[in-house]
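Asker: This structure is in structure tokens; I'll ask about it shortly.
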4 protein chains.
Amino acid sequence: MAEKSFASDNWSGVCPEIMEALARANSGHSEAYGESNDLITQMAYKRFEEYFGKEVATFFVYNGTAANVLGLKQIMQSYHAVVTAKTAHLNEDECAAPENFIGVKILEIETQDGKITPEQITPFLHSIGFQHHAQPKVISISQVTEMGTVYTPSEIESLSDFAHSHNMFLHMDGARIANAAVALNMEFRAFTKDVGVDVVSFGGTKNGLMFGEAVIFFDRKLATDFQYMRKQSMQLHSKTRYISAQFQRYLTGNLWKKNAANANRMAKLLASEIDKINGLKRTQVVAANSVFAVLPSKLIAPLQQHYFFYVWNAQISEVRLMCSWDTREEDVAQFMLLLKKLRAKV
Amino acid sequence: MAEKSFASDNWSGVCPEIMEALARANSGHSEAYGESNDLITQMAYKRFEEYFGKEVATFFVYNGTAANVLGLKQIMQSYHAVVTAKTAHLNEDECAAPENFIGVKILEIETQDGKITPEQITPFLHSIGFQHHAQPKVISISQVTEMGTVYTPSEIESLSDFAHSHNMFLHMDGARIANAAVALNMEFRAFTKDVGVDVVSFGGTKNGLMFGEAVIFFDRKLATDFQYMRKQSMQLHSKTRYISAQFQRYLTGNLWKKNAANANRMAKLLASEIDKINGLKRTQVVAANSVFAVLPSKLIAPLQQHYFFYVWNAQISEVRLMCSWDTREEDVAQFMLLLKKLRAKV
Amino acid sequence: MAEKSFASDNWSGVCPEIMEALARANSGHSEAYGESNDLITQMAYKRFEEYFGKEVATFFVYNGTAANVLGLKQIMQSYHAVVTAKTAHLNEDECAAPENFIGVKILEIETQDGKITPEQITPFLHSIGFQHHAQPKVISISQVTEMGTVYTPSEIESLSDFAHSHNMFLHMDGARIANAAVALNMEFRAFTKDVGVDVVSFGGTKNGLMFGEAVIFFDRKLATDFQYMRKQSMQLHSKTRYISAQFQRYLTGNLWKKNAANANRMAKLLASEIDKINGLKRTQVVAANSVFAVLPSKLIAPLQQHYFFYVWNAQISEVRLMCSWDTREEDVAQFMLLLKKLRAKV
Amino acid sequence: MAEKSFASDNWSGVCPEIMEALARANSGHSEAYGESNDLITQMAYKRFEEYFGKEVATFFVYNGTAANVLGLKQIMQSYHAVVTAKTAHLNEDECAAPENFIGVKILEIETQDGKITPEQITPFLHSIGFQHHAQPKVISISQVTEMGTVYTPSEIESLSDFAHSHNMFLHMDGARIANAAVALNMEFRAFTKDVGVDVVSFGGTKNGLMFGEAVIFFDRKLATDFQYMRKQSMQLHSKTRYISAQFQRYLTGNLWKKNAANANRMAKLLASEIDKINGLKRTQVVAANSVFAVLPSKLIAPLQQHYFFYVWNAQISEVRLMCSWDTREEDVAQFMLLLKKLRAKV
């Protein structure tokens, strides 16, 4: 097994800058639970304010599932429904955590590329006011999507306009939000706050952090009492400073950008190498750090002996290759070398 | 504000050995979610097996609240009740997480020292078989208790015998289990598995770890399907190796014992210094790392300007002073010096 | 076994006027789910408006547990707590339904007579703003209480003033609200709406109805979206007209008063007969339709062979004797006769 | 508005035999909560045993949503999933009650006729053992389906074989189970217990009852502790005898069959009348008591002024016409007369 895999960006480790920040934070006593005397946490909040404006409310939780579930629970009642792409992590990869903890129905939309549009949401509006149906209240999008695609700001704005005109909210699962910012070559706020997103799950673990995720509300009123719900939801870290220190550093000196830019660049490189091979077909645009491609089915198992990666659609031999903050050109080169070697054999 | 507080053992930082272990774990890629190719996680499981036997089932979660809630949810139905001390963290300090996530009733017992007995539980048995009452199913104890006291193995065994003879389970909140082991001068299993405890929340964050807690089941059958419930409960860490690395190190070379022994020793020192002062009264036995004492009410605010600590019972000016793995003799000395100085003034 | 028991007022049947109303309602088709074309339901709402004013919002559910749980869920978040008497039905006799479905903690107050006061609630206010504690949000009282006592309007007003001054609500479990109205010789609104109660579970099944209970909100804004929550909570009856017809009749021509007056009068008669017997001791004031008394322990089993009733406190041989809309003077006389006969024997 | 509608079989009233049974049950006192001294309830249980065998466990709840949700909750954990047709009442018409109260995910299958097959369920099996996905545990079918179609016993058996071979259960929503029995001309057990169904929601309200539904388990072991869960779920009726009396009568002298046979016969009559009209197209087989047909869109509103019915699919002007136990030939004739008259005009 090679040291680097193309399985997921959460197979990679923690980047050295974050390890240093954790070491620096590890000095003396600090108020627990992120209370006001925990200065590292206060500094981290400041970073988010620099990026998103003074009125942002930031809360740290342990992971992305929690960020999604708690961010949604805060703005929904149990008789509400959230509309999302069928492929959304929220829908498919959280073992029904939203159903279980918020008690809501997820209304799913089939897509080819993981992106949804107002037109696809419209049919669900018929349920509004009908007491037998869960009431659509939130649209949730993933940025980057699970298919590696990226919404443009105007696509997001059309969704937020649609949401707000129907008394709904727009939620963004930003597990890979840094990769999206790099892909769009924009600041975070340009495709979140400035285009009407209400709540964001702001991730970092897939881009070099150890643990922790931020739930951010652009309207502080939406965040009322969130601290109690977080605690009740088992997501309040006693030693919060160790999450805060990571985000404080991550949002300083564009560390997030450095890491995400590398991952995205490696994905583009990997895609271009794959495109050079006759007969291999890529199935999604490479916007961020993932490459979806159809490989000859016989190659998959031997390749996986050296490099783990996920088969996305077994029926058509489609695989997902994910690059990370620490993927190097030589990792791509070696992978391609093996791929070519195996291909020659078969 | 002094660098060290006596507020809680989760105000302290991470001990250097754990920081080193995290750095060592931070090498290359590793399978996410603690799956079988994450060798660090497999090594950590082994450590728990060394302490508790081959048949133990160990699961990592993010924090103590989650360990308690998930450990209980696994062995309860929503119409069950858990019997515990009124002061139990489970009852008073988890913002109703057990009620919310398991859906159960907590039946509370008033105690003076945080410890409960079979005699106190007996009255609740009248509910068994009466469909209008939640059915008592689990007894939960904290070891160390929230009042700083420690159950003896025979006290625990009498509770587990009682539980099992009524078709109930015995659960232990071991947020400070290392301090208990040091206090009893025993191996963990001597006061858990060997005396009939069924499930333990095995903590470390209060004794020098950064994050993470283990839920351990002594009968693997009790743990069936726990992984799905953990994921659904938002408690599966993608980069599990960073929790595992901490526990792997913590349970190697008696690191847990070194840290807890220091905390316990400092509490004894602090108590003995307090006892030297006329008119101060301690209110609980110092068995582990906390000291409960009644201070002159006028001293509390000025003392807290330098050393934060919690007022436990404002009506009688009772405070809780908590020592940690990193509390030093000079920290105790300086605190006492200030206390005496302030006392002279008033 | 005698045809009449003193077990509970829900052992009795349905009064003839209600049976007639059900028969009358059973004509032709009617819009399901209580929608606007179900005229019987609209008429029932009107009755409630006559009693409580135009701004009242009335919703029918199936039973008292549901009325309590849904009424509370509507005005609470899961991280809130409800303060109530330890003996409250909500706390002791609903198999933890509030914990399970609202997810909240119940903070219980020990009482002698089932009634609580602002002074007893004050200590719980210390939790407000502390993120580790469930946040007190509702005070719930039972009128009549489970101990057969009745709050005066001024007692209720002191609780609602207290509640509102702390940003809390006052909820009333009115399973026996008609018996309270008769006891107080007042209209319903005099001890509910007019003294600041926010939500009432308005019961009738214990006073001659077949099934159904009303949740009433005195401020319509509090009731927003309740219909979805009711449906999701499995409490929307398709053939709603059969609940509505009962309440429509119950609130016409003072049927509720006739039934409750009989039950209360019979309890007073029973109490006075018991008082005539040397050595029997009653333990609660007879305000409504229940009599609590200490009987010689040897008499209980033989009495129960003819008349079922509940032993309330086995340790002191305290029993509860409950009268109903259909209890007759001869039922009381025969019961007393048997009691005296058995007493003579022993 | 005509006295009879074709909206739904729960717009109709209560059949006279049931009204009589309720009147008969209304005599004297009876033990509350369906306990063992409530003889009417014991007799109703006996009826179910006569139909399904001694080993059946029967529980009464208030309505069909509750029967579905509680029956499923009893055999599922929150991390399980239930597979069902997209059109299932469970999925579309219970305001997310299963998600909210069981906490599970519903995996939906698109169908043309409301019926699902093992082949359609197979793809969901890939989730088994993958901790990020809710685990498929139950297949739920509606008999009659929401599209008016009826499963044959062999179709059901193929589903139960499939379920059991994958460690899953088969659940049946029998809101219209009597109509199915008539359609198949079979005893209930021939298409439930005898072909491997595990749990049935046995309805009656849509076929002449006032309220109440039965949850039946064919293996008593599956029903362990159900009574606590029912109470906690707010579905235990204090005056249970009034549900029991209805089912006792319903299952005596084939009352269920008489009512359902009329409804089914009227649907066939209505369909045959529609078929006589050129240009009208029916869209589902008429197996039970509903008729699905495409009407000229201009006719719908004027028709609904006299006879309410639901538009099923507005895009194609498809309507659902539902017959009931009390639909008469003249109701059908008058409806057709109006339809023809309106058609002539347009």
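So you can find residues: chains in the structure tokens are A, B, ... in the order shown, residues in each start at 1, and ligands are numbered from 1 in order.
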Residues of segment 175-284 of chain B that approach segment 144-151 of chain B to 7 Å or less, counting only C-alpha atoms: could you list each one with the shortest pair of atoms and its distance in Å to one decimal, rows by chain and increasing residue number, as CSV?

Answerer:
```
residue,atom,partner,partner_atom,distance
B:Arg176,CA,B:Val144,CA,5.6
B:Ile177,CA,B:Val144,CA,6.2
B:Asn179,CA,B:Val144,CA,6.9
B:Ala180,CA,B:Val144,CA,5.4
B:Gln284,CA,B:Met147,CA,7.0
```

Asker: Starting from chain D, keep only residues with some atom at most 8 Å from an atom of chain C, counting only C-alpha atoms, and report them as an NGL selection string.

Answerer: :D and (3-5 or 10-14 or 19 or 23 or 26-32 or 62-63 or 65-66 or 94-97 or 100-101 or 210-211 or 228 or 231-235 or 237-239 or 242)

Asker: What's the 12 Å shell around Leu337 of chain C, counting only C-alpha atoms, without same-chain residues fewer than 5 positions away, as a list in words?

Answerer: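 The neighbour list is Leu270, Glu273, Ile274, Ile277, Leu303, His306, Glu330, Asp331, Val332, Leu342, Arg343 and Ala344 of chain C.
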
Asker: Generate the output file for the selected residues, all heavy atoms, as a CSV table (one decimal), in the first residue's frame.

Answerer:
```
chain,number,residue,atom,x,y,z
C,270,LEU,N,-68.9,11.0,50.4
C,270,LEU,CA,-68.1,9.9,50.8
C,270,LEU,C,-67.1,10.3,51.9
C,270,LEU,O,-67.0,9.6,52.9
C,270,LEU,CB,-67.3,9.4,49.5
C,270,LEU,CG,-66.3,8.2,49.7
C,270,LEU,CD1,-67.0,7.0,50.2
C,270,LEU,CD2,-65.6,7.9,48.4
C,273,GLU,N,-69.0,10.6,55.1
C,273,GLU,CA,-69.3,9.3,55.7
C,273,GLU,C,-68.0,8.7,56.4
C,273,GLU,O,-68.1,8.1,57.4
C,273,GLU,CB,-69.8,8.4,54.6
C,273,GLU,CG,-71.2,8.8,54.1
C,273,GLU,CD,-72.3,8.8,55.2
C,273,GLU,OE1,-72.3,7.8,56.0
C,273,GLU,OE2,-73.1,9.8,55.2
C,274,ILE,N,-66.9,8.9,55.7
C,274,ILE,CA,-65.7,8.3,56.3
C,274,ILE,C,-65.3,9.0,57.6
C,274,ILE,O,-64.9,8.4,58.5
C,274,ILE,CB,-64.5,8.5,55.2
C,274,ILE,CG1,-64.7,7.5,54.1
C,274,ILE,CG2,-63.2,8.3,55.9
C,274,ILE,CD1,-63.8,7.6,52.9
C,277,ILE,N,-66.6,7.7,60.8
C,277,ILE,CA,-66.0,6.5,61.4
C,277,ILE,C,-64.8,6.8,62.2
C,277,ILE,O,-63.8,7.4,61.7
C,277,ILE,CB,-65.7,5.5,60.3
C,277,ILE,CG1,-67.0,5.2,59.5
C,277,ILE,CG2,-65.1,4.2,60.9
C,277,ILE,CD1,-66.8,4.2,58.4
C,303,LEU,N,-62.0,-5.1,50.6
C,303,LEU,CA,-62.8,-4.1,50.0
C,303,LEU,C,-62.6,-4.1,48.4
C,303,LEU,O,-63.6,-3.9,47.7
C,303,LEU,CB,-62.4,-2.7,50.5
C,303,LEU,CG,-63.2,-2.0,51.6
C,303,LEU,CD1,-62.5,-0.7,52.0
C,303,LEU,CD2,-64.6,-1.7,51.1
C,306,HIS,N,-64.7,-6.1,46.0
C,306,HIS,CA,-66.0,-5.6,45.5
C,306,HIS,C,-65.9,-4.2,44.8
C,306,HIS,O,-66.6,-4.0,43.8
C,306,HIS,CB,-66.9,-5.4,46.7
C,306,HIS,CG,-67.2,-6.7,47.3
C,306,HIS,ND1,-68.3,-7.5,47.0
C,306,HIS,CD2,-66.6,-7.4,48.3
C,306,HIS,CE1,-68.3,-8.6,47.7
C,306,HIS,NE2,-67.3,-8.6,48.5
C,330,GLU,N,-76.4,5.8,46.3
C,330,GLU,CA,-76.5,4.5,46.8
C,330,GLU,C,-75.2,3.7,46.6
C,330,GLU,O,-74.8,2.8,47.4
C,330,GLU,CB,-77.6,3.7,46.2
C,330,GLU,CG,-77.6,3.7,44.6
C,330,GLU,CD,-78.6,4.7,44.1
C,330,GLU,OE1,-78.6,5.8,44.6
C,330,GLU,OE2,-79.4,4.4,43.2
C,331,ASP,N,-74.4,4.1,45.6
C,331,ASP,CA,-73.0,3.6,45.5
C,331,ASP,C,-72.2,3.9,46.7
C,331,ASP,O,-71.4,3.0,47.2
C,331,ASP,CB,-72.3,4.1,44.2
C,331,ASP,CG,-73.1,3.7,42.9
C,331,ASP,OD1,-73.6,2.6,42.8
C,331,ASP,OD2,-73.2,4.6,42.0
C,332,VAL,N,-72.2,5.1,47.1
C,332,VAL,CA,-71.5,5.5,48.3
C,332,VAL,C,-72.0,4.8,49.5
C,332,VAL,O,-71.2,4.3,50.3
C,332,VAL,CB,-71.6,7.1,48.5
C,332,VAL,CG1,-70.9,7.5,49.8
C,332,VAL,CG2,-71.0,7.8,47.3
C,342,LEU,N,-66.9,-4.9,57.1
C,342,LEU,CA,-65.5,-5.5,57.1
C,342,LEU,C,-64.8,-5.0,58.4
C,342,LEU,O,-64.1,-5.8,59.0
C,342,LEU,CB,-64.7,-5.1,55.9
C,342,LEU,CG,-65.2,-5.7,54.6
C,342,LEU,CD1,-64.6,-5.1,53.4
C,342,LEU,CD2,-64.9,-7.2,54.6
C,343,ARG,N,-65.0,-3.8,58.7
C,343,ARG,CA,-64.3,-3.2,59.9
C,343,ARG,C,-64.8,-3.9,61.2
C,343,ARG,O,-64.0,-4.2,62.1
C,343,ARG,CB,-64.6,-1.7,60.0
C,343,ARG,CG,-63.6,-1.0,60.9
C,343,ARG,CD,-63.5,0.4,60.5
C,343,ARG,NE,-62.8,1.1,61.5
C,343,ARG,CZ,-63.3,1.7,62.6
C,343,ARG,NH1,-64.6,1.7,62.8
C,343,ARG,NH2,-62.5,2.3,63.5
C,344,ALA,N,-66.0,-4.2,61.2
C,344,ALA,CA,-66.6,-4.9,62.4
C,344,ALA,C,-66.0,-6.3,62.6
C,344,ALA,O,-65.7,-6.7,63.7
C,344,ALA,CB,-68.1,-5.0,62.3
```

Asker: Apply DSSP to the structure's backbone, then extract all residues of segment 25-212 of chain A labelled strand (DSSP E or B) and return them as a PyMOL selection string.

Answerer: chain A and resi 57-61+80-85+105-109+135-142+169-174+199-202

Asker: Near Ser142 of chain B, counting only C-alpha atoms, which residues have an atom at most 12 Å away, once you skip same-chain residues fewer than 5 positions from it, shown as an MDAnalysis selection string?

Answerer: chainID B and resid 64 68 83:91 113:116 147:151 156 170:177 179:180 192 197 199:203

Asker: Find the distance between atom CA of Thr41 of chain C and atom CA of Gln305 of chain D and write it in Å to one decimal.

Answerer: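 We find that atom CA of Thr41 of chain C and atom CA of Gln305 of chain D lie 20.8 Å from each other.
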
Asker: Go through segment 75-265 of chain A and collect every residue that DSSP, computed from the backbone, puts in alpha helix (DSSP H); the answer should be as number ranges by chain.

Answerer: A: 75, 89-92, 97, 118-121, 153-165, 177-184, 226-232, 241-250, 255-265

Asker: Please provide as a ChimeraX atom specification all residues within 9 Å of Gly53 of chain A, with the sequence filter that same-chain residues fewer than 5 positions apart are discarded (counting only C-alpha atoms).

Answerer: /A:48,189,218

Asker: Keeping only all heavy atoms, take the residues you just selected and write them out as a tab-separated table (two decimals), in the first residue's frame.

Answerer:
```
chain	number	residue	atom	x	y	z
A	48	PHE	N	-13.26	34.62	11.71
A	48	PHE	CA	-14.49	34.44	10.92
A	48	PHE	C	-15.16	35.78	10.65
A	48	PHE	O	-15.72	35.99	9.57
A	48	PHE	CB	-15.44	33.46	11.63
A	48	PHE	CG	-15.09	32.02	11.42
A	48	PHE	CD1	-14.30	31.33	12.33
A	48	PHE	CD2	-15.53	31.35	10.28
A	48	PHE	CE1	-13.96	29.99	12.12
A	48	PHE	CE2	-15.20	30.02	10.06
A	48	PHE	CZ	-14.40	29.33	10.99
A	189	ARG	N	-17.00	34.75	1.19
A	189	ARG	CA	-18.29	35.44	1.32
A	189	ARG	C	-18.96	35.70	-0.02
A	189	ARG	O	-20.17	35.85	-0.10
A	189	ARG	CB	-18.13	36.74	2.12
A	189	ARG	CG	-17.21	37.78	1.52
A	189	ARG	CD	-17.20	39.01	2.41
A	189	ARG	NE	-18.49	39.69	2.38
A	189	ARG	CZ	-18.92	40.54	3.31
A	189	ARG	NH1	-18.17	40.81	4.37
A	189	ARG	NH2	-20.09	41.12	3.19
A	218	PHE	N	-25.26	33.77	9.24
A	218	PHE	CA	-24.98	35.14	8.79
A	218	PHE	C	-25.91	36.15	9.44
A	218	PHE	O	-25.70	37.35	9.34
A	218	PHE	CB	-25.01	35.21	7.27
A	218	PHE	CG	-23.93	34.37	6.65
A	218	PHE	CD1	-24.21	33.38	5.75
A	218	PHE	CD2	-22.60	34.56	7.05
A	218	PHE	CE1	-23.20	32.59	5.21
A	218	PHE	CE2	-21.59	33.78	6.51
A	218	PHE	CZ	-21.89	32.79	5.60
```

Asker: In Å, how far is it from atom CA of Ala214 of chain B to atom CA of Asp198 of chain B?

Answerer: 13.9 Å

Asker: If you count only C-alpha atoms, which residues fall within 9 Å of Glu17 of chain B, apart from same-chain ones fewer than 4 positions away, as a list in words?

Answerer: Ala21, Leu22, Gln246, Arg249, Tyr250 and Leu255 of chain B

Asker: Store the residues picked out above, limited to N, CA, C and O atoms, as a PDB file, in the first residue's frame.

Answerer:
```pdb
ATOM      1  N   ALA B  21       2.581  11.819  20.807  1.00  0.00           N
ATOM      2  CA  ALA B  21       1.876  10.712  20.149  1.00  0.00           C
ATOM      3  C   ALA B  21       1.072  11.220  18.958  1.00  0.00           C
ATOM      4  O   ALA B  21       1.001  10.564  17.906  1.00  0.00           O
ATOM      5  N   LEU B  22       0.478  12.397  19.107  1.00  0.00           N
ATOM      6  CA  LEU B  22      -0.274  12.977  17.991  1.00  0.00           C
ATOM      7  C   LEU B  22       0.664  13.294  16.833  1.00  0.00           C
ATOM      8  O   LEU B  22       0.328  13.063  15.664  1.00  0.00           O
ATOM      9  N   GLN B 246      -3.999   8.913  20.896  1.00  0.00           N
ATOM     10  CA  GLN B 246      -3.969   9.412  22.274  1.00  0.00           C
ATOM     11  C   GLN B 246      -4.209   8.279  23.268  1.00  0.00           C
ATOM     12  O   GLN B 246      -3.476   8.148  24.251  1.00  0.00           O
ATOM     13  N   ARG B 249      -1.305   5.783  23.510  1.00  0.00           N
ATOM     14  CA  ARG B 249      -0.200   6.278  24.346  1.00  0.00           C
ATOM     15  C   ARG B 249      -0.597   6.335  25.818  1.00  0.00           C
ATOM     16  O   ARG B 249       0.186   5.986  26.706  1.00  0.00           O
ATOM     17  N   TYR B 250      -1.817   6.776  26.047  1.00  0.00           N
ATOM     18  CA  TYR B 250      -2.324   6.960  27.416  1.00  0.00           C
ATOM     19  C   TYR B 250      -2.269   5.655  28.195  1.00  0.00           C
ATOM     20  O   TYR B 250      -1.987   5.643  29.394  1.00  0.00           O
ATOM     21  N   LEU B 255       1.004   6.001  31.584  1.00  0.00           N
ATOM     22  CA  LEU B 255       0.878   7.463  31.513  1.00  0.00           C
ATOM     23  C   LEU B 255      -0.348   7.939  32.277  1.00  0.00           C
ATOM     24  O   LEU B 255      -0.318   8.940  32.994  1.00  0.00           O
TER      25      LEU B 255
END
```

Asker: For a test of reading the model, state the distance in Å between atom CA of Gly204 of chain B and atom CA of Ser324 of chain B, rounded to one decimal.

Answerer: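 For atom CA of Gly204 of chain B relative to atom CA of Ser324 of chain B, the distance reads 11.8 Å.
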
Asker: Out of A:Pro123, A:Gln74, A:Phe169, A:Phe59, which residue has the shortest atom-to-atom distance to Gln315 of chain D when counting only C-alpha atoms?

Answerer: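 So, comparing all the options, the nearest one is A:Pro123.
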
Asker: Compile the contact shell of Ser297 of chain A as a PDB file with N, CA, C and O atoms, in the first residue's frame: residues with an atom at most 9 Å away, counting only C-alpha atoms, same-chain residues fewer than 4 positions apart removed.

Answerer:
```
ATOM      1  N   ALA A 301      -9.294  -3.683  -9.127  1.00  0.00           N
ATOM      2  CA  ALA A 301      -8.783  -4.429  -7.976  1.00  0.00           C
ATOM      3  C   ALA A 301      -7.261  -4.362  -7.879  1.00  0.00           C
ATOM      4  O   ALA A 301      -6.727  -4.048  -6.812  1.00  0.00           O
ATOM      5  N   ALA A 314     -20.426   0.788  -9.566  1.00  0.00           N
ATOM      6  CA  ALA A 314     -19.822  -0.484  -9.964  1.00  0.00           C
ATOM      7  C   ALA A 314     -20.328  -0.942 -11.326  1.00  0.00           C
ATOM      8  O   ALA A 314     -19.593  -1.566 -12.098  1.00  0.00           O
ATOM      9  N   ILE A 316     -20.879   0.658 -13.982  1.00  0.00           N
ATOM     10  CA  ILE A 316     -20.176   1.213 -15.144  1.00  0.00           C
ATOM     11  C   ILE A 316     -18.678   1.399 -14.866  1.00  0.00           C
ATOM     12  O   ILE A 316     -17.983   2.099 -15.596  1.00  0.00           O
ATOM     13  N   SER A 317     -18.177   0.766 -13.785  1.00  0.00           N
ATOM     14  CA  SER A 317     -16.746   0.870 -13.434  1.00  0.00           C
ATOM     15  C   SER A 317     -16.294   2.308 -13.203  1.00  0.00           C
ATOM     16  O   SER A 317     -15.155   2.664 -13.495  1.00  0.00           O
ATOM     17  N   GLU A 318     -17.187   3.106 -12.695  1.00  0.00           N
ATOM     18  CA  GLU A 318     -16.823   4.494 -12.409  1.00  0.00           C
ATOM     19  C   GLU A 318     -16.160   4.579 -11.039  1.00  0.00           C
ATOM     20  O   GLU A 318     -16.668   4.020 -10.061  1.00  0.00           O
TER      21      GLU A 318
END
```
